[in-house]
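A.B. asks: This structure is in structure tokens; I'll ask about it shortly.
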Number of protein chains: 2
Amino acid sequence: MAGIVDANKVLECCQAISKFTEEPGRTTRTFLSPPMTQVHDLLRAWMRRLGMSSWIDPAGNLRGIYSALDADSPRLLIGSHLDTVPSAGPYDGVLGVVLAIALVEGLDGRRLPFALEVLGFSDEEGVRFGAPFLGSKALIGSLSHELLEKKDAAGISVAQAIKNFGLDPRAMDAAALRGEILGYLEFHIEQGPVLEHLHLPLGIVDGIGGQTRINAIFRGSANHAGTTPMNLRRDALAGAAAWILEVERIGRSVPGLVATVGNLRALPGASNVIAGEAHASLDVRHIDDAHRQQSVKRILAAGQRIACDRHLEFSAETVSERAAVRCDSGLLAELEKAVGSAGFPVHHMSSGAGHDAMILAEKYPVAMLFLRSPGGISHHPDESVLCEDVQAALESGQRFLDQLAALHG
Amino acid sequence: MAGIVDANKVLECCQAISKFTEEPGRTTRTFLSPPMTQVHDLLRAWMRRLGMSSWIDPAGNLRGIYSALDADSPRLLIGSHLDTVPSAGPYDGVLGVVLAIALVEGLDGRRLPFALEVLGFSDEEGVRFGAPFLGSKALIGSLSHELLEKKDAAGISVAQAIKNFGLDPRAMDAAALRGEILGYLEFHIEQGPVLEHLHLPLGIVDGIGGQTRINAIFRGSANHAGTTPMNLRRDALAGAAAWILEVERIGRSVPGLVATVGNLRALPGASNVIAGEAHASLDVRHIDDAHRQQSVKRILAAGQRIACDRHLEFSAETVSERAAVRCDSGLLAELEKAVGSAGFPVHHMSSGAGHDAMILAEKYPVAMLFLRSPGGISHHPDESVLCEDVQAALESGQRFLDQLAALHG
């Protein structure tokens with residue numbers, strides 16, 4: 001494995017890219033903001049040195065081609081996103097793009113029976129327009145006219161932002177993937193504590209969990225906290241509190257389920273007034289849609305039961321629902337073999353967060369490999385990744401390419 | 001009892017006063033706001049017809065004297081407050097002042113061996129300056145220079161507001177009570193559901209509960225709601241929820257205790273982020289200070305225990321603490337006798353809310369009589385009182401005066 005790139009080079013590249021920011025002193029790089037040009041320039045220069053051709057598609061995605069032995073060979077896509085949340089760390093998204101190019105470098109000019117297309121998506125986080133996955137949606141042809149008309153806080157539309165970046169939104173069709181695609185592979189930091197907790201460098205992602213988001217309201221009676229005896233209260237906040245514990249209990253009772261009340265608001269919200277209303281958010285995720293839906297049902301039934309016991313009213317509105325996405329079993333088998341033969345423990349897991357792979361999975365086979373997130377920290381300047389884990393990803397990735405080459409040779 | 005005023009006259013007077021407001025369409029009358037002049041004019045005209053002298057003291061309190069048989073007789077004070085919360089009902093405070101004058105009218109010119117001083121306090125709610133009891137504090141000489149310098153939202157100080165009303169804040173000493181005072185009697189709507197729940201018109205108030213106000217904080221880790229498994233969470237909001245139920249349980253376990261979490265804020269408060277912090281208010285009241293303090297200790301210990309079990313941090317800061325106030329046993333005995341002999345059930349209770357009587361109790365014997373609050377509703381336009389309960393208060397009050405006259409005759 002002499003061709004494998006030094007993991008330090010990957011880390012240094014990510015750190016260099018983190019300096020390209022809209023906000024001095026911290027990393028913030030939203031959809032087609034000016035610093036994105038610097039990221040493109042840096043990565044395109046590297047790809048040029050590797051003999052790759054590259055372009056920026058009409059959605060602002062970085063596209064780099066490492067051609068195959070034959071011109072009419074299929075392509076394998078590898079990549080992730082180049083935009084960030086405000087005050088981001090250096091690795092969320094960027095690491096997956098840099099690893100993709102490093103894998104090409106590791107080939108040392110060797111050509112495979114398939115082309116490699118490196119993808120650096122322009123938007124996954126959805127920070128600027130409140131709509132995520134603008135980049136990957138363009139590749140599967142689902143960046144709708146409606147999305148292109150969406151406006152940011154400054155009143156600039158997606159289409160106008162594309163024009164301002166020097167691109168032509170009317171040419172969006174050119175961004176769509178064509179030809180034979182073997183699949184899409186995405187390296188990404190876990191952004192959670194599981195791998196660290198298990199002392200594992202890598203996790204093979206079987207799929208991306210489905211998600212249900214609900215706004216729930218408990219209604220009681222707002223009354224004077226001093227003059228209303230405990231037995232004559234209809235305390236909406238106490239009802240919500242009982243429900244939050246039920247959400248937690250149900251979340252714990254189903255393996256792989258996560259159920260979260262992240263926000264809660266008491267009305268009127270005065271220290272000397274019993275809450276007449278309590279508004280709570282609910283976020284439920286599971287890799288199995290039936291398990292998720294069943295759990296949501298149990299959680300809502302618990303809300304009704306608590307409300308009934310406490311003479312409150314309970315209502316719940318589903319804000320959004322997203323089905324789970326399964327990774328491709330063929331690609332997963334190759335990934336498992338690659339990780340194992342590189343000498344690392346094979347651990348399967350699901351992703352609780354959404355990723356570009358979820359969008360591409362609508363049309364193509366996808367696979368993801370997670371790298372351990374120290375402290376589970378992401379979306380924060382303290383986000384990090386271990387050098388040895390990056391090395392493990394590089395070694396596994398190289399074996400994955402070799403296996404695929406053997407299969408398609 | 002031919003002299004007793006018709007309760008309808010009392011209700012109509014309160015309703016007329018509710019039209020004197022700063023805000024069209026609803027009743028809002030803060031400290032020395034312009035409509036307070038109209039209230040004073042209306043009540044002073046009535047008192048004049050009853051042969052009473054009246055004045056507005058330097059704190060803006062309405063003071064009316066119905067003189068005794070002899071010039072050097074002691075005085076009995078009867079009254080309540082004339083200011084309101086925003087969007088108030090017609091009876092909170094006002095009813096106690098109107099009932100006081102109605103009791104004088106019921107004497108039909110008959111003189112007692114003590115003078116009656118009707119008090120209509122300028123501020124009990126504390127809405128304009130964020131400091132309650134400005135009126136009653138002036139009567140016991142505790143309206144401090146600091147309080148006089150306190151400013152409202154428009155930057156006007158209490159002293160300036162007094163000047164703007166045509167009064168002289170430098171003459172504040174003249175507001176302080178002097179001479180022999182038999183005590184202070186206050187009629188007030190209950191502002192709670194207890195009397196209605198027990199089907200009782202009147203409640204004899206043994207005392208006003210002490211109060212502890214605390215701000216509590218649970219601290220955990222803010223993490224991704226999708227990627228952090230249930231067993232690796234440090235969810236501050238779930239900890240706060242467990243505590244709210246403990247607050248409720250402890251509140252229910254001690255007779256007469258009320259314990260309330262009225263406000264709760266989750267941080268960062270996003271639906272897809274596990275709460276890293278939860279800030280909760282706590283309000284604990286009991287007529288027995290030792291019981292209250294003991295309960296607060298148990299509640300804080302529960303917070304610590306929950307935090308420990310859940311690997312959270314818990315901190316609590318006492319915002320304010322107010323000792324309970326006992327009503328005068330002599331006056332209470334007379335009130336009990338008066339209510340009973342007027343043919344109404346004698347029910348003793350404590351007040352969970354603060355009242356002007358609490359301030360006067362620092363220097364004088366006080367007693368309070370609660371009138372049933374339909375639906376427990378107060379601080380709301382729907383606030384009401386039953387005509388028959390006002391009649392019961394008038395009859396009991398008249399007997400109370402007669403008994404005291406016999407004692408001091």
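Residues in the structure tokens are named by chain (A, B, ... in the order shown) and by number from 1 within that chain; ligands are numbered from 1 in the order shown.
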Go through region 291-389 of chain B and collect every residue that DSSP, computed from the backbone, puts in strand (DSSP E); the answer should be as a ChimeraX atom specification.

C.D. replies: /B:313-322,325-326,348-351,366-371

A.B. asks: How would the residues just chosen look if you wrote them out with N, CA, C and O atoms as a PDB file, in the first residue's frame?

C.D. replies:
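Output (again_13.pdb):
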```pdb
ATOM      1  N   GLU B 313     -25.491  18.938  35.952  1.00  0.00           N
ATOM      2  CA  GLU B 313     -25.184  19.843  37.068  1.00  0.00           C
ATOM      3  C   GLU B 313     -26.453  20.603  37.410  1.00  0.00           C
ATOM      4  O   GLU B 313     -27.234  20.957  36.528  1.00  0.00           O
ATOM      5  N   PHE B 314     -26.640  20.861  38.708  1.00  0.00           N
ATOM      6  CA  PHE B 314     -27.827  21.582  39.162  1.00  0.00           C
ATOM      7  C   PHE B 314     -27.383  22.757  40.019  1.00  0.00           C
ATOM      8  O   PHE B 314     -26.527  22.614  40.892  1.00  0.00           O
ATOM      9  N   SER B 315     -27.925  23.924  39.733  1.00  0.00           N
ATOM     10  CA  SER B 315     -27.655  25.073  40.595  1.00  0.00           C
ATOM     11  C   SER B 315     -28.947  25.831  40.818  1.00  0.00           C
ATOM     12  O   SER B 315     -29.865  25.790  39.989  1.00  0.00           O
ATOM     13  N   ALA B 316     -29.050  26.477  41.979  1.00  0.00           N
ATOM     14  CA  ALA B 316     -30.280  27.193  42.330  1.00  0.00           C
ATOM     15  C   ALA B 316     -29.908  28.474  43.056  1.00  0.00           C
ATOM     16  O   ALA B 316     -29.059  28.476  43.942  1.00  0.00           O
ATOM     17  N   GLU B 317     -30.572  29.559  42.642  1.00  0.00           N
ATOM     18  CA  GLU B 317     -30.321  30.856  43.257  1.00  0.00           C
ATOM     19  C   GLU B 317     -31.635  31.388  43.821  1.00  0.00           C
ATOM     20  O   GLU B 317     -32.650  31.446  43.111  1.00  0.00           O
ATOM     21  N   THR B 318     -31.624  31.749  45.098  1.00  0.00           N
ATOM     22  CA  THR B 318     -32.832  32.310  45.706  1.00  0.00           C
ATOM     23  C   THR B 318     -32.976  33.765  45.283  1.00  0.00           C
ATOM     24  O   THR B 318     -32.105  34.593  45.538  1.00  0.00           O
ATOM     25  N   VAL B 319     -34.074  34.058  44.605  1.00  0.00           N
ATOM     26  CA  VAL B 319     -34.317  35.398  44.077  1.00  0.00           C
ATOM     27  C   VAL B 319     -34.956  36.278  45.145  1.00  0.00           C
ATOM     28  O   VAL B 319     -34.626  37.449  45.287  1.00  0.00           O
ATOM     29  N   SER B 320     -35.896  35.724  45.895  1.00  0.00           N
ATOM     30  CA  SER B 320     -36.526  36.488  46.969  1.00  0.00           C
ATOM     31  C   SER B 320     -37.142  35.537  47.975  1.00  0.00           C
ATOM     32  O   SER B 320     -37.466  34.386  47.652  1.00  0.00           O
ATOM     33  N   GLU B 321     -37.274  36.036  49.176  1.00  0.00           N
ATOM     34  CA  GLU B 321     -37.858  35.242  50.245  1.00  0.00           C
ATOM     35  C   GLU B 321     -38.671  36.196  51.120  1.00  0.00           C
ATOM     36  O   GLU B 321     -38.198  37.273  51.465  1.00  0.00           O
ATOM     37  N   ARG B 322     -39.882  35.816  51.446  1.00  0.00           N
ATOM     38  CA  ARG B 322     -40.783  36.683  52.200  1.00  0.00           C
ATOM     39  C   ARG B 322     -41.414  35.837  53.294  1.00  0.00           C
ATOM     40  O   ARG B 322     -41.925  34.750  53.019  1.00  0.00           O
ATOM     41  N   VAL B 325     -47.186  36.174  57.117  1.00  0.00           N
ATOM     42  CA  VAL B 325     -47.760  37.198  58.007  1.00  0.00           C
ATOM     43  C   VAL B 325     -49.007  36.617  58.644  1.00  0.00           C
ATOM     44  O   VAL B 325     -49.856  36.053  57.954  1.00  0.00           O
ATOM     45  N   ARG B 326     -49.088  36.734  59.979  1.00  0.00           N
ATOM     46  CA  ARG B 326     -50.265  36.216  60.682  1.00  0.00           C
ATOM     47  C   ARG B 326     -51.260  37.354  60.906  1.00  0.00           C
ATOM     48  O   ARG B 326     -50.862  38.455  61.292  1.00  0.00           O
ATOM     49  N   HIS B 348     -61.825  29.037  57.720  1.00  0.00           N
ATOM     50  CA  HIS B 348     -60.519  29.686  57.819  1.00  0.00           C
ATOM     51  C   HIS B 348     -59.623  29.243  56.676  1.00  0.00           C
ATOM     52  O   HIS B 348     -59.629  28.084  56.271  1.00  0.00           O
ATOM     53  N   MET B 349     -58.822  30.157  56.164  1.00  0.00           N
ATOM     54  CA  MET B 349     -57.909  29.827  55.074  1.00  0.00           C
ATOM     55  C   MET B 349     -56.721  30.784  55.120  1.00  0.00           C
ATOM     56  O   MET B 349     -56.717  31.758  55.867  1.00  0.00           O
ATOM     57  N   SER B 350     -55.718  30.466  54.342  1.00  0.00           N
ATOM     58  CA  SER B 350     -54.609  31.419  54.246  1.00  0.00           C
ATOM     59  C   SER B 350     -54.588  32.002  52.842  1.00  0.00           C
ATOM     60  O   SER B 350     -55.170  31.438  51.921  1.00  0.00           O
ATOM     61  N   SER B 351     -53.938  33.128  52.721  1.00  0.00           N
ATOM     62  CA  SER B 351     -53.839  33.759  51.411  1.00  0.00           C
ATOM     63  C   SER B 351     -52.506  33.387  50.773  1.00  0.00           C
ATOM     64  O   SER B 351     -51.447  33.539  51.384  1.00  0.00           O
ATOM     65  N   VAL B 366     -54.039  43.219  61.803  1.00  0.00           N
ATOM     66  CA  VAL B 366     -54.800  43.193  60.549  1.00  0.00           C
ATOM     67  C   VAL B 366     -55.709  41.975  60.508  1.00  0.00           C
ATOM     68  O   VAL B 366     -55.481  40.975  61.204  1.00  0.00           O
ATOM     69  N   ALA B 367     -56.762  42.086  59.686  1.00  0.00           N
ATOM     70  CA  ALA B 367     -57.646  40.956  59.400  1.00  0.00           C
ATOM     71  C   ALA B 367     -58.113  41.089  57.959  1.00  0.00           C
ATOM     72  O   ALA B 367     -58.186  42.198  57.428  1.00  0.00           O
ATOM     73  N   MET B 368     -58.371  39.942  57.345  1.00  0.00           N
ATOM     74  CA  MET B 368     -58.866  39.962  55.962  1.00  0.00           C
ATOM     75  C   MET B 368     -60.043  39.026  55.815  1.00  0.00           C
ATOM     76  O   MET B 368     -60.102  37.970  56.449  1.00  0.00           O
ATOM     77  N   LEU B 369     -60.974  39.407  54.964  1.00  0.00           N
ATOM     78  CA  LEU B 369     -62.084  38.532  54.622  1.00  0.00           C
ATOM     79  C   LEU B 369     -62.102  38.359  53.099  1.00  0.00           C
ATOM     80  O   LEU B 369     -62.145  39.343  52.359  1.00  0.00           O
ATOM     81  N   PHE B 370     -62.032  37.087  52.667  1.00  0.00           N
ATOM     82  CA  PHE B 370     -62.070  36.792  51.227  1.00  0.00           C
ATOM     83  C   PHE B 370     -63.503  36.557  50.779  1.00  0.00           C
ATOM     84  O   PHE B 370     -64.294  35.921  51.484  1.00  0.00           O
ATOM     85  N   LEU B 371     -63.808  37.040  49.574  1.00  0.00           N
ATOM     86  CA  LEU B 371     -65.069  36.706  48.919  1.00  0.00           C
ATOM     87  C   LEU B 371     -64.763  35.729  47.790  1.00  0.00           C
ATOM     88  O   LEU B 371     -63.762  35.880  47.076  1.00  0.00           O
TER      89      LEU B 371
END
```

A.B. asks: Tell me the residues of chain B close to chain A, meaning within 6 Å using only C-alpha atoms, as number ranges by chain.

C.D. replies: B: 192, 226-228, 230, 241, 252, 262-263, 266, 269-271, 273-275, 281, 352-353

A.B. asks: Produce a file of the selected residues containing all heavy atoms, as a CSV table (one decimal), in the first residue's frame.

C.D. replies:
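File out08.csv, as written:
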```csv
chain,number,residue,atom,x,y,z
B,192,GLY,N,-58.7,32.9,43.8
B,192,GLY,CA,-58.3,31.5,43.7
B,192,GLY,C,-59.6,30.7,43.7
B,192,GLY,O,-60.7,31.2,43.9
B,226,GLY,N,-30.1,13.5,16.5
B,226,GLY,CA,-30.2,12.3,15.6
B,226,GLY,C,-29.0,11.4,15.8
B,226,GLY,O,-29.2,10.2,15.6
B,227,THR,N,-27.9,11.9,16.3
B,227,THR,CA,-26.7,11.0,16.3
B,227,THR,C,-26.3,10.6,17.7
B,227,THR,O,-25.3,9.8,17.9
B,227,THR,CB,-25.5,11.8,15.7
B,227,THR,OG1,-25.2,12.9,16.5
B,227,THR,CG2,-25.8,12.2,14.2
B,228,THR,N,-27.0,11.1,18.7
B,228,THR,CA,-26.6,10.8,20.1
B,228,THR,C,-27.6,9.8,20.7
B,228,THR,O,-28.7,10.1,20.9
B,228,THR,CB,-26.6,12.0,21.0
B,228,THR,OG1,-25.9,13.1,20.3
B,228,THR,CG2,-25.9,11.8,22.3
B,230,MET,N,-29.7,7.3,23.1
B,230,MET,CA,-30.3,7.6,24.4
B,230,MET,C,-29.4,7.4,25.6
B,230,MET,O,-29.4,8.2,26.5
B,230,MET,CB,-31.6,6.8,24.6
B,230,MET,CG,-32.7,7.0,23.5
B,230,MET,SD,-33.2,8.7,23.1
B,230,MET,CE,-34.2,9.0,24.6
B,241,ALA,N,-37.5,18.2,33.6
B,241,ALA,CA,-38.9,17.6,33.6
B,241,ALA,C,-39.0,16.7,34.8
B,241,ALA,O,-40.1,16.7,35.5
B,241,ALA,CB,-39.1,16.8,32.3
B,252,ARG,N,-47.8,18.5,46.6
B,252,ARG,CA,-49.0,17.8,47.0
B,252,ARG,C,-48.9,17.1,48.4
B,252,ARG,O,-49.9,16.8,49.0
B,252,ARG,CB,-49.3,16.7,46.0
B,252,ARG,CG,-49.9,17.3,44.7
B,252,ARG,CD,-50.0,16.2,43.6
B,252,ARG,NE,-50.7,16.7,42.4
B,252,ARG,CZ,-50.6,16.1,41.2
B,252,ARG,NH1,-50.0,14.9,41.1
B,252,ARG,NH2,-51.2,16.6,40.2
B,262,GLY,N,-43.3,27.8,36.9
B,262,GLY,CA,-44.2,28.5,36.0
B,262,GLY,C,-43.5,28.8,34.7
B,262,GLY,O,-44.2,29.0,33.7
B,263,ASN,N,-42.2,28.8,34.7
B,263,ASN,CA,-41.4,29.1,33.5
B,263,ASN,C,-40.3,28.1,33.3
B,263,ASN,O,-39.7,27.7,34.3
B,263,ASN,CB,-40.9,30.5,33.5
B,263,ASN,CG,-40.5,31.0,32.2
B,263,ASN,OD1,-40.9,30.5,31.2
B,263,ASN,ND2,-39.7,32.0,32.1
B,266,ALA,N,-35.5,26.0,27.5
B,266,ALA,CA,-34.5,25.0,27.1
B,266,ALA,C,-33.5,25.7,26.2
B,266,ALA,O,-33.8,26.5,25.4
B,266,ALA,CB,-35.1,23.9,26.4
B,269,GLY,N,-32.6,25.2,22.6
B,269,GLY,CA,-34.0,25.3,22.3
B,269,GLY,C,-34.4,25.0,20.8
B,269,GLY,O,-35.3,25.6,20.3
B,270,ALA,N,-33.6,24.1,20.2
B,270,ALA,CA,-33.9,23.7,18.8
B,270,ALA,C,-34.5,22.3,18.8
B,270,ALA,O,-34.1,21.5,19.7
B,270,ALA,CB,-32.6,23.8,18.0
B,271,SER,N,-35.4,22.0,17.9
B,271,SER,CA,-36.0,20.7,17.9
B,271,SER,C,-35.1,19.6,17.7
B,271,SER,O,-35.3,18.4,18.1
B,271,SER,CB,-37.1,20.7,16.9
B,271,SER,OG,-36.6,20.7,15.6
B,273,VAL,N,-31.8,19.5,18.6
B,273,VAL,CA,-30.6,19.5,19.5
B,273,VAL,C,-31.1,19.2,20.9
B,273,VAL,O,-32.0,19.7,21.4
B,273,VAL,CB,-30.0,20.9,19.5
B,273,VAL,CG1,-28.8,20.9,20.4
B,273,VAL,CG2,-29.6,21.3,18.1
B,274,ILE,N,-30.4,18.2,21.5
B,274,ILE,CA,-30.7,17.8,22.9
B,274,ILE,C,-30.3,19.1,23.7
B,274,ILE,O,-29.3,19.7,23.6
B,274,ILE,CB,-29.8,16.6,23.3
B,274,ILE,CG1,-30.1,15.4,22.5
B,274,ILE,CG2,-29.9,16.3,24.8
B,274,ILE,CD1,-29.0,14.4,22.4
B,275,ALA,N,-31.2,19.4,24.7
B,275,ALA,CA,-31.0,20.6,25.5
B,275,ALA,C,-29.8,20.5,26.3
B,275,ALA,O,-29.6,19.6,27.1
B,275,ALA,CB,-32.2,20.9,26.3
B,281,SER,N,-38.1,28.4,36.8
B,281,SER,CA,-38.4,29.2,37.9
B,281,SER,C,-39.1,28.3,38.9
B,281,SER,O,-39.7,27.3,38.6
B,281,SER,CB,-39.4,30.3,37.5
B,281,SER,OG,-40.6,29.8,37.1
B,352,GLY,N,-52.6,32.9,49.6
B,352,GLY,CA,-51.3,32.6,48.8
B,352,GLY,C,-50.8,33.8,48.1
B,352,GLY,O,-49.6,33.8,47.7
B,353,ALA,N,-51.6,34.8,48.0
B,353,ALA,CA,-51.1,36.0,47.3
B,353,ALA,C,-50.8,37.1,48.3
B,353,ALA,O,-51.4,37.1,49.4
B,353,ALA,CB,-52.2,36.5,46.3
```

A.B. asks: Excluding same-chain residues fewer than 4 positions from Ile359 (chain B), what lies within 10 Å of it counting only C-alpha atoms, as a ChimeraX atom specification?

C.D. replies: /B:133-140,142,325,354-355,363-364,366

A.B. asks: Those residues you just picked out, can you put them in a file as a PDB file, in the first residue's frame with N, CA, C and O atoms?

C.D. replies:
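File written: result-v9.pdb
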```
ATOM      1  N   PHE B 133     -46.927  47.621  46.379  1.00  0.00           N
ATOM      2  CA  PHE B 133     -47.237  48.157  47.720  1.00  0.00           C
ATOM      3  C   PHE B 133     -46.699  49.564  47.969  1.00  0.00           C
ATOM      4  O   PHE B 133     -46.411  49.922  49.110  1.00  0.00           O
ATOM      5  N   LEU B 134     -46.556  50.366  46.921  1.00  0.00           N
ATOM      6  CA  LEU B 134     -46.066  51.741  47.141  1.00  0.00           C
ATOM      7  C   LEU B 134     -47.030  52.500  48.055  1.00  0.00           C
ATOM      8  O   LEU B 134     -46.595  53.273  48.918  1.00  0.00           O
ATOM      9  N   GLY B 135     -48.335  52.278  47.867  1.00  0.00           N
ATOM     10  CA  GLY B 135     -49.327  53.012  48.667  1.00  0.00           C
ATOM     11  C   GLY B 135     -49.274  52.646  50.130  1.00  0.00           C
ATOM     12  O   GLY B 135     -49.090  53.513  51.009  1.00  0.00           O
ATOM     13  N   SER B 136     -49.409  51.364  50.446  1.00  0.00           N
ATOM     14  CA  SER B 136     -49.463  50.956  51.852  1.00  0.00           C
ATOM     15  C   SER B 136     -48.128  51.192  52.553  1.00  0.00           C
ATOM     16  O   SER B 136     -48.099  51.467  53.769  1.00  0.00           O
ATOM     17  N   LYS B 137     -47.037  51.123  51.808  1.00  0.00           N
ATOM     18  CA  LYS B 137     -45.734  51.385  52.432  1.00  0.00           C
ATOM     19  C   LYS B 137     -45.653  52.816  52.957  1.00  0.00           C
ATOM     20  O   LYS B 137     -45.007  53.074  53.992  1.00  0.00           O
ATOM     21  N   ALA B 138     -46.263  53.743  52.239  1.00  0.00           N
ATOM     22  CA  ALA B 138     -46.243  55.141  52.713  1.00  0.00           C
ATOM     23  C   ALA B 138     -46.929  55.261  54.068  1.00  0.00           C
ATOM     24  O   ALA B 138     -46.532  56.074  54.911  1.00  0.00           O
ATOM     25  N   LEU B 139     -47.951  54.441  54.314  1.00  0.00           N
ATOM     26  CA  LEU B 139     -48.702  54.543  55.574  1.00  0.00           C
ATOM     27  C   LEU B 139     -47.902  54.048  56.777  1.00  0.00           C
ATOM     28  O   LEU B 139     -48.176  54.452  57.911  1.00  0.00           O
ATOM     29  N   ILE B 140     -46.964  53.137  56.537  1.00  0.00           N
ATOM     30  CA  ILE B 140     -46.158  52.675  57.674  1.00  0.00           C
ATOM     31  C   ILE B 140     -44.755  53.291  57.622  1.00  0.00           C
ATOM     32  O   ILE B 140     -43.847  52.872  58.337  1.00  0.00           O
ATOM     33  N   SER B 142     -42.497  53.302  55.234  1.00  0.00           N
ATOM     34  CA  SER B 142     -41.396  52.549  54.619  1.00  0.00           C
ATOM     35  C   SER B 142     -41.294  52.766  53.105  1.00  0.00           C
ATOM     36  O   SER B 142     -40.710  51.953  52.391  1.00  0.00           O
ATOM     37  N   VAL B 325     -47.186  36.174  57.117  1.00  0.00           N
ATOM     38  CA  VAL B 325     -47.760  37.198  58.007  1.00  0.00           C
ATOM     39  C   VAL B 325     -49.007  36.617  58.644  1.00  0.00           C
ATOM     40  O   VAL B 325     -49.856  36.053  57.954  1.00  0.00           O
ATOM     41  N   GLY B 354     -49.980  38.044  47.980  1.00  0.00           N
ATOM     42  CA  GLY B 354     -49.684  39.172  48.857  1.00  0.00           C
ATOM     43  C   GLY B 354     -50.807  40.201  48.808  1.00  0.00           C
ATOM     44  O   GLY B 354     -51.504  40.308  47.805  1.00  0.00           O
ATOM     45  N   HIS B 355     -51.000  40.921  49.893  1.00  0.00           N
ATOM     46  CA  HIS B 355     -52.041  41.962  49.942  1.00  0.00           C
ATOM     47  C   HIS B 355     -51.529  43.128  50.782  1.00  0.00           C
ATOM     48  O   HIS B 355     -50.575  42.983  51.545  1.00  0.00           O
ATOM     49  N   LYS B 363     -46.950  46.894  61.385  1.00  0.00           N
ATOM     50  CA  LYS B 363     -47.131  47.828  62.509  1.00  0.00           C
ATOM     51  C   LYS B 363     -48.462  47.700  63.238  1.00  0.00           C
ATOM     52  O   LYS B 363     -48.578  48.159  64.377  1.00  0.00           O
ATOM     53  N   TYR B 364     -49.462  47.110  62.581  1.00  0.00           N
ATOM     54  CA  TYR B 364     -50.801  47.127  63.159  1.00  0.00           C
ATOM     55  C   TYR B 364     -51.455  45.747  63.086  1.00  0.00           C
ATOM     56  O   TYR B 364     -51.105  44.947  62.221  1.00  0.00           O
ATOM     57  N   VAL B 366     -54.039  43.219  61.803  1.00  0.00           N
ATOM     58  CA  VAL B 366     -54.800  43.193  60.549  1.00  0.00           C
ATOM     59  C   VAL B 366     -55.709  41.975  60.508  1.00  0.00           C
ATOM     60  O   VAL B 366     -55.481  40.975  61.204  1.00  0.00           O
TER      61      VAL B 366
END
```

A.B. asks: Contacts of region 149-153 of chain A at 7 Å or less, counting only C-alpha atoms, minus same-chain residues fewer than 6 places along, as an NGL selection string?

C.D. replies: :A and (128-129 or 159)

A.B. asks: Let me see the file: selected residues, N, CA and C atoms, as a compact mmCIF listing (two decimals), in the first residue's frame.

C.D. replies:
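Output contents, as saved in out_30.txt:
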```
# COMPACT_ATOMS: atom_id res chain seq x y z
N ARG A 128 -28.06 28.98 4.42
CA ARG A 128 -28.37 30.27 3.78
C ARG A 128 -29.84 30.38 3.37
N PHE A 129 -30.42 29.30 2.84
CA PHE A 129 -31.78 29.39 2.31
C PHE A 129 -32.79 28.58 3.14
N ALA A 159 -31.35 31.25 -7.37
CA ALA A 159 -30.95 31.49 -8.77
C ALA A 159 -30.03 32.70 -8.86
```

A.B. asks: How many Å lie between CA of Ala392 (chain B) and CA of Arg26 (chain B), rounded to one decimal?

C.D. replies: 28.7 Å

A.B. asks: Enter the distance from CA of Gln391 (chain B) to CA of Leu360 (chain B), in Å, rounded to one decimal.

C.D. replies: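 According to the coordinates, CA of Gln391 (chain B) and CA of Leu360 (chain B) are separated by 26.2 Å.
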
A.B. asks: Can you pull out the residues contacting Pro86 (chain A)? Cut-off 8 Å, using only C-alpha atoms, and skip same-chain residues under 6 positions away; I want them as a ChimeraX atom specification.

C.D. replies: /A:27-30,127,379

A.B. asks: Would you compute the distance between CA of Ala290 (chain A) and CA of Gly203 (chain A)? Give it in Å to one decimal.

C.D. replies: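 We find that CA of Ala290 (chain A) and CA of Gly203 (chain A) lie 23.8 Å from each other.
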
A.B. asks: Need the shell around Asp389 (chain B): protein/DNA/RNA residues with any atom at most 9 Å away, counting only C-alpha atoms. Skip same-chain ones fewer than 5 positions apart. Format as a ChimeraX atom specification?

C.D. replies: /B:7,200-202,371-372,394
